[in-house]
Amino acid sequence: MKTYKQFIQEGKTIFDYLLFAPEGKELKLANQIAKLKNDKRFVYRGISEREYKVLLRDKQVTSLGQGNTRKGISASYVSDDVQLAGRFALRAWKDGLGGLILFIDRKELPDIQPADEGNYYTSFIPLNAVKKVHKLSA
């Protein structure tokens, strides 16, 4: 059996993170995400359009969604894996919230801390750290 570190370091696509096989427009979007490649300069975050609008308006965003807290502290999670971030963007899209993947310069995050292998958390994501946005559109 592989360790989590071995699993996360393998070349994965979004299909490795999905619970159910996508169909129709969702499959088209998953195929687009599967073509994205990791870049060591970046960490990635899948978000909804609503979160992105807050980022643009306030010049920063902190995720308040379930599962995004550690030790009672609100935090935004980011990943070394664009495919994992794509899974969260695809979920937001599937829920009718629009989905985007942020490409974030890890050096510009205020207080990035390790969470799980290949994943990190930070108190907020500043707009100036976002270097590219991939919007899901079928």
# chains A, B, ... in the order shown; residues from 1 in each chain; ligands from 1
call {"tool": "residues_around", "arguments": {"residues": "Tyr52 (chain A)", "least_positions_apart": "4", "cutoff": "9 Å", "atoms": "only C-alpha atoms", "output": "PyMOL selection string"}}
result
chain A and resi 47-48+56-57+61+100
call {"tool": "write_last_selection", "arguments": {"atoms": "C-alpha atoms", "output": "CSV table (one decimal), in the first residue's frame"}}
result
chain,number,residue,atom,x,y,z
A,47,ILE,CA,-13.1,28.5,-5.5
A,48,SER,CA,-16.6,29.7,-6.4
A,56,LEU,CA,-11.6,41.2,-6.2
A,57,ARG,CA,-13.7,43.6,-3.9
A,61,VAL,CA,-10.3,36.3,0.7
A,100,LEU,CA,-12.4,28.9,-10.8
call {"tool": "select_by_dssp", "arguments": {"residues": "chain A", "states": "strand (DSSP E or B)", "output": "PyMOL selection string"}}
result
chain A and resi 42-48+60-61+69-70+73-74+76-79+99-105+113-114+119-122+125-126+130-135
call {"tool": "closest_atom_pairs", "arguments": {"of": "region 69-100 of chain A", "to": "region 105-111 of chain A", "cutoff": "10 Å", "atoms": "only C-alpha atoms", "output": "Markdown table"}}
result
| residue | atom | partner | partner_atom | distance |
| --- | --- | --- | --- | --- |
| A:Val78 | CA | A:Arg106 | CA | 9.2 |
| A:Ser79 | CA | A:Arg106 | CA | 9.9 |
| A:Asp80 | CA | A:Arg106 | CA | 9.4 |
call {"tool": "residues_around", "arguments": {"residues": "Ile101 (chain A)", "least_positions_apart": "4", "cutoff": "6 Å", "atoms": "only C-alpha atoms", "output": "short mmCIF file (atom, residue, chain, number, x, y, z; two decimals) with N, CA and C atoms, in the first residue's frame"}}
result
data_model
loop_
_atom_site.label_atom_id
_atom_site.label_comp_id
_atom_site.auth_asym_id
_atom_site.auth_seq_id
_atom_site.Cartn_x
_atom_site.Cartn_y
_atom_site.Cartn_z
N ARG A 45 -5.85 26.91 -5.61
CA ARG A 45 -7.07 26.92 -4.82
C ARG A 45 -8.26 26.90 -5.77
N GLY A 46 -9.18 25.96 -5.57
CA GLY A 46 -10.43 25.94 -6.31
C GLY A 46 -11.46 26.72 -5.52
N VAL A 133 -5.89 33.04 -13.23
CA VAL A 133 -7.20 32.49 -12.87
C VAL A 133 -7.70 31.66 -14.05
N HIS A 134 -8.05 30.42 -13.76
CA HIS A 134 -8.63 29.53 -14.78
C HIS A 134 -10.11 29.38 -14.45
#
call {"tool": "closest_residue", "arguments": {"among": "A:Val130, A:Ala85, A:Ala21, A:Ile104", "to": "Ile33 (chain A)", "atoms": "only C-alpha atoms"}}
result
A:Ala85
call {"tool": "atom_distance", "arguments": {"atom1": "CA of Asp39 (chain A)", "atom2": "CA of Ala129 (chain A)"}}
result
14.7 Å
call {"tool": "residues_around", "arguments": {"residues": "Leu55 (chain A)", "least_positions_apart": "4", "cutoff": "9 Å", "atoms": "only C-alpha atoms", "output": "VMD selection string"}}
result
chain A and resid 50 to 51 59 to 62 125 to 127
call {"tool": "write_last_selection", "arguments": {"atoms": "C-alpha atoms", "output": "PDB file, in the first residue's frame"}}
result
ATOM      1  CA  ARG A  50     -18.788  34.353  -5.173  1.00  0.00           C
ATOM      2  CA  GLU A  51     -15.471  33.853  -3.346  1.00  0.00           C
ATOM      3  CA  LYS A  59      -8.275  42.476  -2.273  1.00  0.00           C
ATOM      4  CA  GLN A  60      -8.149  39.312  -0.137  1.00  0.00           C
ATOM      5  CA  VAL A  61     -10.293  36.306   0.735  1.00  0.00           C
ATOM      6  CA  THR A  62     -10.502  33.868   3.620  1.00  0.00           C
ATOM      7  CA  ILE A 125      -5.217  34.842   0.099  1.00  0.00           C
ATOM      8  CA  PRO A 126      -4.218  38.339  -1.055  1.00  0.00           C
ATOM      9  CA  LEU A 127      -5.230  39.401  -4.553  1.00  0.00           C
TER      10      LEU A 127
END
call {"tool": "select_by_dssp", "arguments": {"residues": "chain A", "states": "helix (DSSP H, G or I)", "output": "VMD selection string"}}
result
chain A and resid 4 to 9 14 to 16 24 to 34 49 to 58 82 to 94 106 to 108 127 to 129
call {"tool": "residues_around", "arguments": {"residues": "Ser137 (chain A)", "least_positions_apart": "4", "cutoff": "12 Å", "atoms": "only C-alpha atoms", "output": "VMD selection string"}}
result
chain A and resid 25 to 33 49 89 to 90 93 to 94 96 to 101
